[in-house]
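Visitor: Quick one: this structure, given as structure tokens, is what I'll be asking you about.
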Amino acid sequence: MIAHATRLAETSSEPLFRVRGLRVGFAGAGGSLLEAVRGLDFDLSRGEVLGIVGESGSGKSLAMLASLGLQARSAVVSGSVVFKQKELVGSPRKEMRRLRGSQISMIFQDPLSSLNPVMTVGDQIREALFLHQRGLSTAKATERAIELMRLVAIPQPDRRLAQYPHEFSGGMRQRVMIAMAIANNPELLVADEPTTALDVTVQAQIMLMLRELKEKLGLALVLITHDLGVVAGHADRVAVIYAGRVVEEAKVGELFANPRHPYTRGLIASIPDLRGSQGKLYSIPGTAPALGQLPPGCAFHPRCSYAQDICRQVEPPEISFGAHRSACHFAADLPAWTGGARAAETLEPAHNG
Ligand code: SF4
């Protein structure tokens, strides 16, 4: 296993993963291109956790799938995705297959449908090893599978190796998926809604385990979620995506202390807070625009309580405040942020439920 210290020694000034101007579109009527991802930029350094947050349909999962060459064949991808100084956009499928599962791994949200129901858990972990390690003996693969199951805290791994996925609970199945994802010592792990299908206590255990594995193995981790609450305790930096674009990015503490985009403010205000909300739950009014139905100007303007005329006409540029960036015309002029659920009161009162 590659030691954490070795990984850190490889640190260079270049980020491990750099995405610039990533666009993903699909052919629409009359030869038009309907873009679901509209020029995404972000970096990820070794050992860092980046939370990518957005509603369903915001393009967050599609952007990561396209970055790793897993988009549908009908998708049109442009821009640049560089992993360890190698351009991935346009790389041959064979090369991408070699990278995925070895240097880059992905965990999907539903472990039951991601695991093969007619193969034992042990065979599935061994298969992940054989795919990328030619000449590995069955005995060595079994030894490594047991080691991986221990690493993800599955009890009695030598016995459970022979069991089938239906004999595992939801949380244990997700641990198996994580064991398979880290089997070949990846440097980058992408977790797409890894806890959505799990109950709250198991969610917390899985998130804690991902964080511990990141520390132990020196991984860079991308955490894709619709839930800002999930990234609060686990990400170093957060990119908020709306309608295929990063609308705000900052270190996690800064984002929660001083959000500079009304959409982020709405997401934070939507996190239930039993201490300060006095029984009220806030939700952002309306829904995210469907593919091909982007409003003119700022894509968030139909839902934004701060919208002015310029918002309906001109797409906001990105404004930087040091390492904090926001794509809002009024990023520098929003009212002072009061924080948490009580902040819902500073947003449009008519929208409070
Ligand atoms: Fe709201 Fe205007 Fe900012 Fe868009 S640009 S988020 S509509 S204030």
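Each chain in the structure tokens gets a letter, A, B, ..., in the order shown, and its residues are numbered from 1; ligands are numbered from 1 in order too.
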Do you know which residues are at most 9 Å from range 95-101 of chain A counting only C-alpha atoms, after dropping those on the same chain fewer than 2 positions away, and could you put them as a ChimeraX atom specification?
Guide: /A:68-70,88,91-93,103-106,128-129,131-132,180-186
Visitor: Based on the backbone DSSP call, show me all residues of range 123-322 of chain A assigned strand (DSSP E or B), as a PDB file with all heavy atoms, in the first residue's frame.
Guide:
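Everything below was put into result.pdb:
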ATOM      1  N   LEU A 188      -7.181   9.702  -6.511  1.00  0.00           N
ATOM      2  CA  LEU A 188      -8.381  10.542  -6.502  1.00  0.00           C
ATOM      3  C   LEU A 188      -9.610   9.645  -6.347  1.00  0.00           C
ATOM      4  O   LEU A 188      -9.785   8.686  -7.099  1.00  0.00           O
ATOM      5  CB  LEU A 188      -8.469  11.321  -7.823  1.00  0.00           C
ATOM      6  CG  LEU A 188      -9.767  12.074  -8.102  1.00  0.00           C
ATOM      7  CD1 LEU A 188     -10.044  13.117  -7.027  1.00  0.00           C
ATOM      8  CD2 LEU A 188      -9.710  12.742  -9.473  1.00  0.00           C
ATOM      9  N   LEU A 189     -10.433   9.970  -5.363  1.00  0.00           N
ATOM     10  CA  LEU A 189     -11.672   9.215  -5.135  1.00  0.00           C
ATOM     11  C   LEU A 189     -12.847  10.179  -5.308  1.00  0.00           C
ATOM     12  O   LEU A 189     -12.880  11.244  -4.685  1.00  0.00           O
ATOM     13  CB  LEU A 189     -11.642   8.642  -3.711  1.00  0.00           C
ATOM     14  CG  LEU A 189     -12.770   7.717  -3.289  1.00  0.00           C
ATOM     15  CD1 LEU A 189     -12.840   6.488  -4.187  1.00  0.00           C
ATOM     16  CD2 LEU A 189     -12.573   7.268  -1.839  1.00  0.00           C
ATOM     17  N   VAL A 190     -13.791   9.789  -6.171  1.00  0.00           N
ATOM     18  CA  VAL A 190     -14.987  10.609  -6.390  1.00  0.00           C
ATOM     19  C   VAL A 190     -16.163   9.868  -5.770  1.00  0.00           C
ATOM     20  O   VAL A 190     -16.447   8.725  -6.145  1.00  0.00           O
ATOM     21  CB  VAL A 190     -15.233  10.829  -7.903  1.00  0.00           C
ATOM     22  CG1 VAL A 190     -16.508  11.643  -8.117  1.00  0.00           C
ATOM     23  CG2 VAL A 190     -14.038  11.523  -8.548  1.00  0.00           C
ATOM     24  N   ALA A 191     -16.829  10.481  -4.805  1.00  0.00           N
ATOM     25  CA  ALA A 191     -17.960   9.840  -4.134  1.00  0.00           C
ATOM     26  C   ALA A 191     -19.224  10.609  -4.516  1.00  0.00           C
ATOM     27  O   ALA A 191     -19.391  11.775  -4.150  1.00  0.00           O
ATOM     28  CB  ALA A 191     -17.743   9.852  -2.622  1.00  0.00           C
ATOM     29  N   ASP A 192     -20.113   9.956  -5.286  1.00  0.00           N
ATOM     30  CA  ASP A 192     -21.318  10.618  -5.786  1.00  0.00           C
ATOM     31  C   ASP A 192     -22.495  10.263  -4.873  1.00  0.00           C
ATOM     32  O   ASP A 192     -22.995   9.147  -4.927  1.00  0.00           O
ATOM     33  CB  ASP A 192     -21.588  10.170  -7.226  1.00  0.00           C
ATOM     34  CG  ASP A 192     -22.730  10.957  -7.861  1.00  0.00           C
ATOM     35  OD1 ASP A 192     -23.308  11.840  -7.193  1.00  0.00           O
ATOM     36  OD2 ASP A 192     -23.041  10.691  -9.036  1.00  0.00           O
ATOM     37  N   ALA A 220      -7.080  12.376  -2.522  1.00  0.00           N
ATOM     38  CA  ALA A 220      -7.888  13.577  -2.767  1.00  0.00           C
ATOM     39  C   ALA A 220      -9.312  13.075  -2.965  1.00  0.00           C
ATOM     40  O   ALA A 220      -9.520  12.043  -3.609  1.00  0.00           O
ATOM     41  CB  ALA A 220      -7.400  14.294  -4.007  1.00  0.00           C
ATOM     42  N   LEU A 221     -10.274  13.785  -2.396  1.00  0.00           N
ATOM     43  CA  LEU A 221     -11.659  13.293  -2.411  1.00  0.00           C
ATOM     44  C   LEU A 221     -12.597  14.361  -2.967  1.00  0.00           C
ATOM     45  O   LEU A 221     -12.559  15.509  -2.533  1.00  0.00           O
ATOM     46  CB  LEU A 221     -12.039  12.922  -0.971  1.00  0.00           C
ATOM     47  CG  LEU A 221     -13.438  12.421  -0.672  1.00  0.00           C
ATOM     48  CD1 LEU A 221     -13.744  11.124  -1.419  1.00  0.00           C
ATOM     49  CD2 LEU A 221     -13.624  12.185   0.830  1.00  0.00           C
ATOM     50  N   VAL A 222     -13.412  13.957  -3.938  1.00  0.00           N
ATOM     51  CA  VAL A 222     -14.493  14.837  -4.421  1.00  0.00           C
ATOM     52  C   VAL A 222     -15.796  14.259  -3.885  1.00  0.00           C
ATOM     53  O   VAL A 222     -16.113  13.103  -4.144  1.00  0.00           O
ATOM     54  CB  VAL A 222     -14.548  14.908  -5.964  1.00  0.00           C
ATOM     55  CG1 VAL A 222     -15.746  15.747  -6.411  1.00  0.00           C
ATOM     56  CG2 VAL A 222     -13.273  15.489  -6.529  1.00  0.00           C
ATOM     57  N   LEU A 223     -16.521  15.068  -3.163  1.00  0.00           N
ATOM     58  CA  LEU A 223     -17.753  14.634  -2.528  1.00  0.00           C
ATOM     59  C   LEU A 223     -18.913  15.346  -3.216  1.00  0.00           C
ATOM     60  O   LEU A 223     -19.075  16.553  -3.070  1.00  0.00           O
ATOM     61  CB  LEU A 223     -17.656  15.055  -1.059  1.00  0.00           C
ATOM     62  CG  LEU A 223     -18.619  14.509  -0.052  1.00  0.00           C
ATOM     63  CD1 LEU A 223     -18.595  12.990  -0.066  1.00  0.00           C
ATOM     64  CD2 LEU A 223     -18.204  15.023   1.324  1.00  0.00           C
ATOM     65  N   ILE A 224     -19.687  14.593  -3.997  1.00  0.00           N
ATOM     66  CA  ILE A 224     -20.813  15.199  -4.722  1.00  0.00           C
ATOM     67  C   ILE A 224     -22.071  15.008  -3.891  1.00  0.00           C
ATOM     68  O   ILE A 224     -22.383  13.879  -3.492  1.00  0.00           O
ATOM     69  CB  ILE A 224     -21.003  14.522  -6.096  1.00  0.00           C
ATOM     70  CG1 ILE A 224     -19.720  14.633  -6.924  1.00  0.00           C
ATOM     71  CG2 ILE A 224     -22.169  15.137  -6.849  1.00  0.00           C
ATOM     72  CD1 ILE A 224     -19.768  13.809  -8.204  1.00  0.00           C
ATOM     73  N   THR A 225     -22.803  16.069  -3.631  1.00  0.00           N
ATOM     74  CA  THR A 225     -23.998  15.933  -2.786  1.00  0.00           C
ATOM     75  C   THR A 225     -25.004  17.056  -3.078  1.00  0.00           C
ATOM     76  O   THR A 225     -24.633  18.120  -3.563  1.00  0.00           O
ATOM     77  CB  THR A 225     -23.609  15.944  -1.288  1.00  0.00           C
ATOM     78  OG1 THR A 225     -24.795  15.896  -0.495  1.00  0.00           O
ATOM     79  CG2 THR A 225     -22.818  17.171  -0.898  1.00  0.00           C
ATOM     80  N   ARG A 237     -13.127  22.469   1.003  1.00  0.00           N
ATOM     81  CA  ARG A 237     -13.574  23.531   0.119  1.00  0.00           C
ATOM     82  C   ARG A 237     -14.880  23.102  -0.528  1.00  0.00           C
ATOM     83  O   ARG A 237     -15.116  21.902  -0.696  1.00  0.00           O
ATOM     84  CB  ARG A 237     -12.512  23.743  -0.960  1.00  0.00           C
ATOM     85  CG  ARG A 237     -12.337  25.144  -1.474  1.00  0.00           C
ATOM     86  CD  ARG A 237     -10.893  25.385  -1.947  1.00  0.00           C
ATOM     87  NE  ARG A 237     -10.326  24.257  -2.609  1.00  0.00           N
ATOM     88  CZ  ARG A 237     -10.508  23.948  -3.890  1.00  0.00           C
ATOM     89  NH1 ARG A 237     -11.266  24.710  -4.644  1.00  0.00           N
ATOM     90  NH2 ARG A 237      -9.931  22.882  -4.420  1.00  0.00           N
ATOM     91  N   VAL A 238     -15.711  24.074  -0.892  1.00  0.00           N
ATOM     92  CA  VAL A 238     -17.018  23.747  -1.471  1.00  0.00           C
ATOM     93  C   VAL A 238     -17.227  24.538  -2.766  1.00  0.00           C
ATOM     94  O   VAL A 238     -16.953  25.745  -2.813  1.00  0.00           O
ATOM     95  CB  VAL A 238     -18.169  24.101  -0.490  1.00  0.00           C
ATOM     96  CG1 VAL A 238     -19.514  23.686  -1.074  1.00  0.00           C
ATOM     97  CG2 VAL A 238     -17.974  23.428   0.856  1.00  0.00           C
ATOM     98  N   ALA A 239     -17.692  23.832  -3.806  1.00  0.00           N
ATOM     99  CA  ALA A 239     -18.119  24.498  -5.036  1.00  0.00           C
ATOM    100  C   ALA A 239     -19.621  24.282  -5.155  1.00  0.00           C
ATOM    101  O   ALA A 239     -20.085  23.138  -5.131  1.00  0.00           O
ATOM    102  CB  ALA A 239     -17.398  23.906  -6.237  1.00  0.00           C
ATOM    103  N   VAL A 240     -20.376  25.372  -5.231  1.00  0.00           N
ATOM    104  CA  VAL A 240     -21.840  25.278  -5.352  1.00  0.00           C
ATOM    105  C   VAL A 240     -22.191  25.426  -6.832  1.00  0.00           C
ATOM    106  O   VAL A 240     -21.769  26.385  -7.485  1.00  0.00           O
ATOM    107  CB  VAL A 240     -22.530  26.388  -4.527  1.00  0.00           C
ATOM    108  CG1 VAL A 240     -24.044  26.301  -4.683  1.00  0.00           C
ATOM    109  CG2 VAL A 240     -22.134  26.289  -3.059  1.00  0.00           C
ATOM    110  N   ILE A 241     -22.941  24.456  -7.349  1.00  0.00           N
ATOM    111  CA  ILE A 241     -23.278  24.454  -8.782  1.00  0.00           C
ATOM    112  C   ILE A 241     -24.758  24.752  -8.966  1.00  0.00           C
ATOM    113  O   ILE A 241     -25.597  24.191  -8.251  1.00  0.00           O
ATOM    114  CB  ILE A 241     -22.928  23.097  -9.417  1.00  0.00           C
ATOM    115  CG1 ILE A 241     -21.408  22.888  -9.376  1.00  0.00           C
ATOM    116  CG2 ILE A 241     -23.439  23.000 -10.832  1.00  0.00           C
ATOM    117  CD1 ILE A 241     -20.919  21.743 -10.235  1.00  0.00           C
ATOM    118  N   TYR A 242     -25.046  25.630  -9.900  1.00  0.00           N
ATOM    119  CA  TYR A 242     -26.449  25.877 -10.251  1.00  0.00           C
ATOM    120  C   TYR A 242     -26.545  25.955 -11.773  1.00  0.00           C
ATOM    121  O   TYR A 242     -25.765  26.683 -12.415  1.00  0.00           O
ATOM    122  CB  TYR A 242     -26.950  27.192  -9.639  1.00  0.00           C
ATOM    123  CG  TYR A 242     -28.440  27.387  -9.847  1.00  0.00           C
ATOM    124  CD1 TYR A 242     -29.361  26.693  -9.077  1.00  0.00           C
ATOM    125  CD2 TYR A 242     -28.918  28.219 -10.852  1.00  0.00           C
ATOM    126  CE1 TYR A 242     -30.716  26.815  -9.288  1.00  0.00           C
ATOM    127  CE2 TYR A 242     -30.277  28.363 -11.071  1.00  0.00           C
ATOM    128  CZ  TYR A 242     -31.187  27.661 -10.281  1.00  0.00           C
ATOM    129  OH  TYR A 242     -32.536  27.783 -10.490  1.00  0.00           O
ATOM    130  N   ARG A 245     -23.248  25.557 -13.744  1.00  0.00           N
ATOM    131  CA  ARG A 245     -22.166  26.513 -13.566  1.00  0.00           C
ATOM    132  C   ARG A 245     -21.800  26.598 -12.087  1.00  0.00           C
ATOM    133  O   ARG A 245     -22.700  26.507 -11.230  1.00  0.00           O
ATOM    134  CB  ARG A 245     -22.673  27.876 -14.057  1.00  0.00           C
ATOM    135  CG  ARG A 245     -21.632  28.921 -14.125  1.00  0.00           C
ATOM    136  CD  ARG A 245     -22.170  30.240 -14.652  1.00  0.00           C
ATOM    137  NE  ARG A 245     -21.085  31.220 -14.579  1.00  0.00           N
ATOM    138  CZ  ARG A 245     -21.228  32.513 -14.571  1.00  0.00           C
ATOM    139  NH1 ARG A 245     -22.436  33.033 -14.670  1.00  0.00           N
ATOM    140  NH2 ARG A 245     -20.193  33.316 -14.487  1.00  0.00           N
ATOM    141  N   VAL A 246     -20.498  26.781 -11.760  1.00  0.00           N
ATOM    142  CA  VAL A 246     -20.139  27.030 -10.357  1.00  0.00           C
ATOM    143  C   VAL A 246     -20.551  28.465 -10.050  1.00  0.00           C
ATOM    144  O   VAL A 246     -20.064  29.413 -10.664  1.00  0.00           O
ATOM    145  CB  VAL A 246     -18.619  26.861 -10.110  1.00  0.00           C
ATOM    146  CG1 VAL A 246     -18.261  27.283  -8.686  1.00  0.00           C
ATOM    147  CG2 VAL A 246     -18.197  25.405 -10.317  1.00  0.00           C
ATOM    148  N   VAL A 247     -21.488  28.640  -9.102  1.00  0.00           N
ATOM    149  CA  VAL A 247     -21.940  29.991  -8.777  1.00  0.00           C
ATOM    150  C   VAL A 247     -21.205  30.539  -7.553  1.00  0.00           C
ATOM    151  O   VAL A 247     -21.191  31.748  -7.319  1.00  0.00           O
ATOM    152  CB  VAL A 247     -23.472  30.068  -8.566  1.00  0.00           C
ATOM    153  CG1 VAL A 247     -24.198  29.807  -9.875  1.00  0.00           C
ATOM    154  CG2 VAL A 247     -23.939  29.125  -7.473  1.00  0.00           C
ATOM    155  N   GLU A 248     -20.624  29.634  -6.751  1.00  0.00           N
ATOM    156  CA  GLU A 248     -19.830  30.111  -5.615  1.00  0.00           C
ATOM    157  C   GLU A 248     -18.838  29.032  -5.218  1.00  0.00           C
ATOM    158  O   GLU A 248     -19.146  27.836  -5.262  1.00  0.00           O
ATOM    159  CB  GLU A 248     -20.726  30.461  -4.409  1.00  0.00           C
ATOM    160  CG  GLU A 248     -19.922  31.044  -3.258  1.00  0.00           C
ATOM    161  CD  GLU A 248     -20.776  31.824  -2.261  1.00  0.00           C
ATOM    162  OE1 GLU A 248     -22.002  31.708  -2.295  1.00  0.00           O
ATOM    163  OE2 GLU A 248     -20.180  32.554  -1.444  1.00  0.00           O
ATOM    164  N   GLU A 249     -17.632  29.468  -4.847  1.00  0.00           N
ATOM    165  CA  GLU A 249     -16.644  28.511  -4.342  1.00  0.00           C
ATOM    166  C   GLU A 249     -15.835  29.184  -3.258  1.00  0.00           C
ATOM    167  O   GLU A 249     -15.433  30.340  -3.390  1.00  0.00           O
ATOM    168  CB  GLU A 249     -15.723  28.044  -5.472  1.00  0.00           C
ATOM    169  CG  GLU A 249     -14.790  26.958  -4.984  1.00  0.00           C
ATOM    170  CD  GLU A 249     -13.668  26.626  -5.962  1.00  0.00           C
ATOM    171  OE1 GLU A 249     -13.807  26.926  -7.165  1.00  0.00           O
ATOM    172  OE2 GLU A 249     -12.654  26.102  -5.485  1.00  0.00           O
ATOM    173  N   ALA A 250     -15.606  28.466  -2.166  1.00  0.00           N
ATOM    174  CA  ALA A 250     -14.821  29.020  -1.050  1.00  0.00           C
ATOM    175  C   ALA A 250     -14.420  27.892  -0.118  1.00  0.00           C
ATOM    176  O   ALA A 250     -14.943  26.767  -0.225  1.00  0.00           O
ATOM    177  CB  ALA A 250     -15.650  30.052  -0.277  1.00  0.00           C
ATOM    178  N   LYS A 251     -13.504  28.190   0.789  1.00  0.00           N
ATOM    179  CA  LYS A 251     -13.215  27.232   1.862  1.00  0.00           C
ATOM    180  C   LYS A 251     -14.489  27.056   2.671  1.00  0.00           C
ATOM    181  O   LYS A 251     -15.283  27.996   2.809  1.00  0.00           O
ATOM    182  CB  LYS A 251     -12.092  27.773   2.746  1.00  0.00           C
ATOM    183  CG  LYS A 251     -10.772  27.758   2.034  1.00  0.00           C
ATOM    184  CD  LYS A 251      -9.622  27.849   2.992  1.00  0.00           C
ATOM    185  CE  LYS A 251      -8.382  27.437   2.248  1.00  0.00           C
ATOM    186  NZ  LYS A 251      -7.154  27.653   2.926  1.00  0.00           N
ATOM    187  N   TYR A 282     -37.391  26.448   5.799  1.00  0.00           N
ATOM    188  CA  TYR A 282     -37.278  27.308   4.627  1.00  0.00           C
ATOM    189  C   TYR A 282     -36.985  26.450   3.414  1.00  0.00           C
ATOM    190  O   TYR A 282     -36.256  25.459   3.506  1.00  0.00           O
ATOM    191  CB  TYR A 282     -36.141  28.318   4.836  1.00  0.00           C
ATOM    192  CG  TYR A 282     -35.892  29.157   3.599  1.00  0.00           C
ATOM    193  CD1 TYR A 282     -36.702  30.250   3.311  1.00  0.00           C
ATOM    194  CD2 TYR A 282     -34.876  28.811   2.712  1.00  0.00           C
ATOM    195  CE1 TYR A 282     -36.500  30.988   2.165  1.00  0.00           C
ATOM    196  CE2 TYR A 282     -34.666  29.555   1.559  1.00  0.00           C
ATOM    197  CZ  TYR A 282     -35.481  30.645   1.292  1.00  0.00           C
ATOM    198  OH  TYR A 282     -35.268  31.362   0.147  1.00  0.00           O
ATOM    199  N   ILE A 319     -16.895  37.009  -9.675  1.00  0.00           N
ATOM    200  CA  ILE A 319     -16.185  38.036  -8.903  1.00  0.00           C
ATOM    201  C   ILE A 319     -15.379  37.328  -7.822  1.00  0.00           C
ATOM    202  O   ILE A 319     -15.907  36.447  -7.125  1.00  0.00           O
ATOM    203  CB  ILE A 319     -17.188  39.021  -8.249  1.00  0.00           C
ATOM    204  CG1 ILE A 319     -18.051  39.674  -9.336  1.00  0.00           C
ATOM    205  CG2 ILE A 319     -16.458  40.085  -7.432  1.00  0.00           C
ATOM    206  CD1 ILE A 319     -19.203  40.501  -8.798  1.00  0.00           C
ATOM    207  N   SER A 320     -14.082  37.684  -7.702  1.00  0.00           N
ATOM    208  CA  SER A 320     -13.227  37.006  -6.715  1.00  0.00           C
ATOM    209  C   SER A 320     -12.965  37.896  -5.517  1.00  0.00           C
ATOM    210  O   SER A 320     -12.734  39.104  -5.657  1.00  0.00           O
ATOM    211  CB  SER A 320     -11.889  36.628  -7.356  1.00  0.00           C
ATOM    212  OG  SER A 320     -12.109  35.611  -8.293  1.00  0.00           O
ATOM    213  N   PHE A 321     -13.007  37.276  -4.345  1.00  0.00           N
ATOM    214  CA  PHE A 321     -12.619  37.934  -3.089  1.00  0.00           C
ATOM    215  C   PHE A 321     -11.520  37.051  -2.512  1.00  0.00           C
ATOM    216  O   PHE A 321     -11.786  36.160  -1.705  1.00  0.00           O
ATOM    217  CB  PHE A 321     -13.802  38.015  -2.125  1.00  0.00           C
ATOM    218  CG  PHE A 321     -15.034  38.628  -2.744  1.00  0.00           C
ATOM    219  CD1 PHE A 321     -15.921  37.863  -3.486  1.00  0.00           C
ATOM    220  CD2 PHE A 321     -15.286  39.993  -2.598  1.00  0.00           C
ATOM    221  CE1 PHE A 321     -17.043  38.425  -4.063  1.00  0.00           C
ATOM    222  CE2 PHE A 321     -16.411  40.555  -3.176  1.00  0.00           C
ATOM    223  CZ  PHE A 321     -17.292  39.775  -3.911  1.00  0.00           C
TER     224      PHE A 321
END
Visitor: Taking only C-alpha atoms and all ligand atoms into account, which residues have an atom no farther than 8 Å from ligand 1? I'd like them as a list in words.
Guide: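 Within the 8 Å cut-off, the matching residues are His261, Pro262, Tyr263, Gly297, Cys298, Ala299, Phe300, His301, Pro302, Arg303, Cys304, Ser305, Tyr306, Ala307, Gln308, Ile310, Cys311, Arg312, Glu315, Pro316, Ala327, Cys328, His329, Phe330 and Ala331 of chain A.
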Visitor: Atoms to include: N, CA, C and O atoms. Write the selected residues as a short mmCIF file (atom, residue, chain, number, x, y, z; two decimals), in the first residue's frame.
Guide:
data_model
loop_
_atom_site.label_atom_id
_atom_site.label_comp_id
_atom_site.auth_asym_id
_atom_site.auth_seq_id
_atom_site.Cartn_x
_atom_site.Cartn_y
_atom_site.Cartn_z
N HIS A 261 -23.47 34.36 -2.47
CA HIS A 261 -24.41 34.13 -3.58
C HIS A 261 -25.78 33.79 -2.97
O HIS A 261 -25.86 32.96 -2.06
N PRO A 262 -26.85 34.41 -3.47
CA PRO A 262 -28.17 34.15 -2.90
C PRO A 262 -28.57 32.68 -2.95
O PRO A 262 -29.30 32.19 -2.06
N TYR A 263 -28.12 31.93 -3.96
CA TYR A 263 -28.46 30.51 -4.01
C TYR A 263 -27.82 29.77 -2.84
O TYR A 263 -28.48 28.97 -2.16
N GLY A 297 -29.94 36.03 -18.82
CA GLY A 297 -29.27 36.69 -17.70
C GLY A 297 -28.78 35.68 -16.69
O GLY A 297 -28.26 34.62 -17.05
N CYS A 298 -29.00 35.98 -15.40
CA CYS A 298 -28.60 35.05 -14.35
C CYS A 298 -29.60 33.89 -14.31
O CYS A 298 -30.81 34.12 -14.16
N ALA A 299 -29.11 32.67 -14.40
CA ALA A 299 -30.02 31.51 -14.44
C ALA A 299 -30.85 31.38 -13.16
O ALA A 299 -31.89 30.74 -13.15
N PHE A 300 -30.40 32.01 -12.08
CA PHE A 300 -31.10 31.89 -10.80
C PHE A 300 -32.16 32.99 -10.62
O PHE A 300 -32.93 32.95 -9.66
N HIS A 301 -32.23 33.96 -11.55
CA HIS A 301 -33.05 35.15 -11.26
C HIS A 301 -34.54 34.86 -10.99
O HIS A 301 -35.14 35.52 -10.13
N PRO A 302 -35.18 33.86 -11.64
CA PRO A 302 -36.61 33.65 -11.33
C PRO A 302 -36.85 33.21 -9.88
O PRO A 302 -37.97 33.28 -9.38
N ARG A 303 -35.81 32.75 -9.20
CA ARG A 303 -35.96 32.24 -7.83
C ARG A 303 -35.30 33.15 -6.80
O ARG A 303 -35.29 32.83 -5.60
N CYS A 304 -34.72 34.25 -7.26
CA CYS A 304 -33.87 35.04 -6.38
C CYS A 304 -34.60 36.27 -5.84
O CYS A 304 -35.14 37.07 -6.61
N SER A 305 -34.59 36.43 -4.52
CA SER A 305 -35.30 37.56 -3.92
C SER A 305 -34.50 38.86 -4.04
O SER A 305 -35.02 39.92 -3.72
N TYR A 306 -33.25 38.77 -4.49
CA TYR A 306 -32.43 39.99 -4.67
C TYR A 306 -32.39 40.45 -6.13
O TYR A 306 -31.71 41.42 -6.44
N ALA A 307 -33.08 39.76 -7.03
CA ALA A 307 -32.92 40.03 -8.46
C ALA A 307 -33.30 41.47 -8.83
O ALA A 307 -34.29 42.02 -8.33
N GLN A 308 -32.50 42.09 -9.68
CA GLN A 308 -32.74 43.43 -10.22
C GLN A 308 -32.82 43.31 -11.75
O GLN A 308 -32.58 42.23 -12.29
N ILE A 310 -30.81 44.14 -14.13
CA ILE A 310 -29.59 43.64 -14.79
C ILE A 310 -29.52 42.10 -14.73
O ILE A 310 -29.04 41.45 -15.65
N CYS A 311 -30.07 41.52 -13.65
CA CYS A 311 -30.02 40.06 -13.48
C CYS A 311 -30.82 39.35 -14.56
O CYS A 311 -30.52 38.21 -14.92
N ARG A 312 -31.86 40.02 -15.07
CA ARG A 312 -32.73 39.38 -16.07
C ARG A 312 -32.14 39.49 -17.47
O ARG A 312 -32.64 38.91 -18.41
N GLU A 315 -25.77 37.80 -17.90
CA GLU A 315 -25.24 36.70 -17.07
C GLU A 315 -24.11 37.26 -16.20
O GLU A 315 -23.20 37.91 -16.71
N PRO A 316 -24.17 37.04 -14.89
CA PRO A 316 -23.15 37.66 -14.02
C PRO A 316 -21.76 37.07 -14.25
O PRO A 316 -21.63 35.86 -14.41
N ALA A 327 -20.50 34.10 -8.61
CA ALA A 327 -21.03 34.60 -9.87
C ALA A 327 -22.39 35.26 -9.61
O ALA A 327 -23.44 34.69 -9.91
N CYS A 328 -22.34 36.43 -8.99
CA CYS A 328 -23.56 37.21 -8.71
C CYS A 328 -23.22 38.67 -8.93
O CYS A 328 -22.17 39.13 -8.48
N HIS A 329 -24.11 39.40 -9.63
CA HIS A 329 -23.85 40.84 -9.86
C HIS A 329 -23.66 41.58 -8.54
O HIS A 329 -22.98 42.59 -8.49
N PHE A 330 -24.31 41.10 -7.49
CA PHE A 330 -24.31 41.85 -6.23
C PHE A 330 -23.53 41.14 -5.12
O PHE A 330 -23.80 41.34 -3.93
N ALA A 331 -22.56 40.32 -5.53
CA ALA A 331 -21.79 39.54 -4.55
C ALA A 331 -21.18 40.43 -3.47
O ALA A 331 -21.07 40.03 -2.31
#
Visitor: From the list A:Glu143, A:Asp41, A:Glu48, A:Glu87, which residue is nearest Glu187 in chain A when using only C-alpha atoms?
Guide: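 So, comparing all the options, the nearest one is A:Glu48.
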Visitor: When you count only C-alpha atoms, which of these residues is closest to Ser169 in chain A: A:Leu213, A:Ser137, A:Phe130, A:Ala197?
Guide: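 Selected residue with least distance to Ser169 in chain A: A:Ala197.
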Visitor: Which of these residues is nearest to Phe26 in chain A, using only C-alpha atoms: A:Ile271, A:Ile125, A:Leu291, A:Ala145?
Guide: A:Leu291
Visitor: When distances are computed from only C-alpha atoms, which of A:Pro194, A:Gly59, A:Gly122, A:Gly28 shows the smallest separation from Met149 in chain A?
Guide: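 Checking each of A:Pro194, A:Gly59, A:Gly122, A:Gly28 against Met149 in chain A, counting only C-alpha atoms, the winner is A:Gly122.
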Visitor: Can you pull out every residue within 8 Å of Ala257 in chain A, counting only C-alpha atoms, but drop anything in the same chain fewer than 3 positions away, and send it as a short mmCIF file (atom, residue, chain, number, x, y, z; two decimals) with all heavy atoms, in the first residue's frame?
Guide:
data_model
loop_
_atom_site.label_atom_id
_atom_site.label_comp_id
_atom_site.auth_asym_id
_atom_site.auth_seq_id
_atom_site.Cartn_x
_atom_site.Cartn_y
_atom_site.Cartn_z
N GLY A 253 -15.42 26.88 5.83
CA GLY A 253 -15.74 27.79 6.93
C GLY A 253 -16.17 29.15 6.42
O GLY A 253 -17.15 29.75 6.89
N GLU A 254 -15.46 29.63 5.39
CA GLU A 254 -15.75 30.94 4.80
C GLU A 254 -17.12 30.92 4.11
O GLU A 254 -17.90 31.87 4.22
CB GLU A 254 -14.62 31.29 3.82
CG GLU A 254 -14.90 32.39 2.81
CD GLU A 254 -15.04 33.78 3.40
OE1 GLU A 254 -14.75 33.96 4.60
OE2 GLU A 254 -15.48 34.69 2.66
N TRP A 337 -24.87 38.80 6.41
CA TRP A 337 -25.37 37.43 6.59
C TRP A 337 -25.54 37.14 8.07
O TRP A 337 -24.61 37.29 8.86
CB TRP A 337 -24.39 36.46 5.95
CG TRP A 337 -24.69 35.00 6.14
CD1 TRP A 337 -23.91 34.09 6.78
CD2 TRP A 337 -25.82 34.28 5.65
NE1 TRP A 337 -24.48 32.84 6.73
CE2 TRP A 337 -25.66 32.93 6.04
CE3 TRP A 337 -26.98 34.64 4.93
CZ2 TRP A 337 -26.61 31.95 5.74
CZ3 TRP A 337 -27.90 33.66 4.64
CH2 TRP A 337 -27.72 32.34 5.03
N GLY A 339 -26.77 34.10 9.16
CA GLY A 339 -26.40 32.71 9.38
C GLY A 339 -27.52 31.78 9.71
O GLY A 339 -28.51 32.12 10.36
#
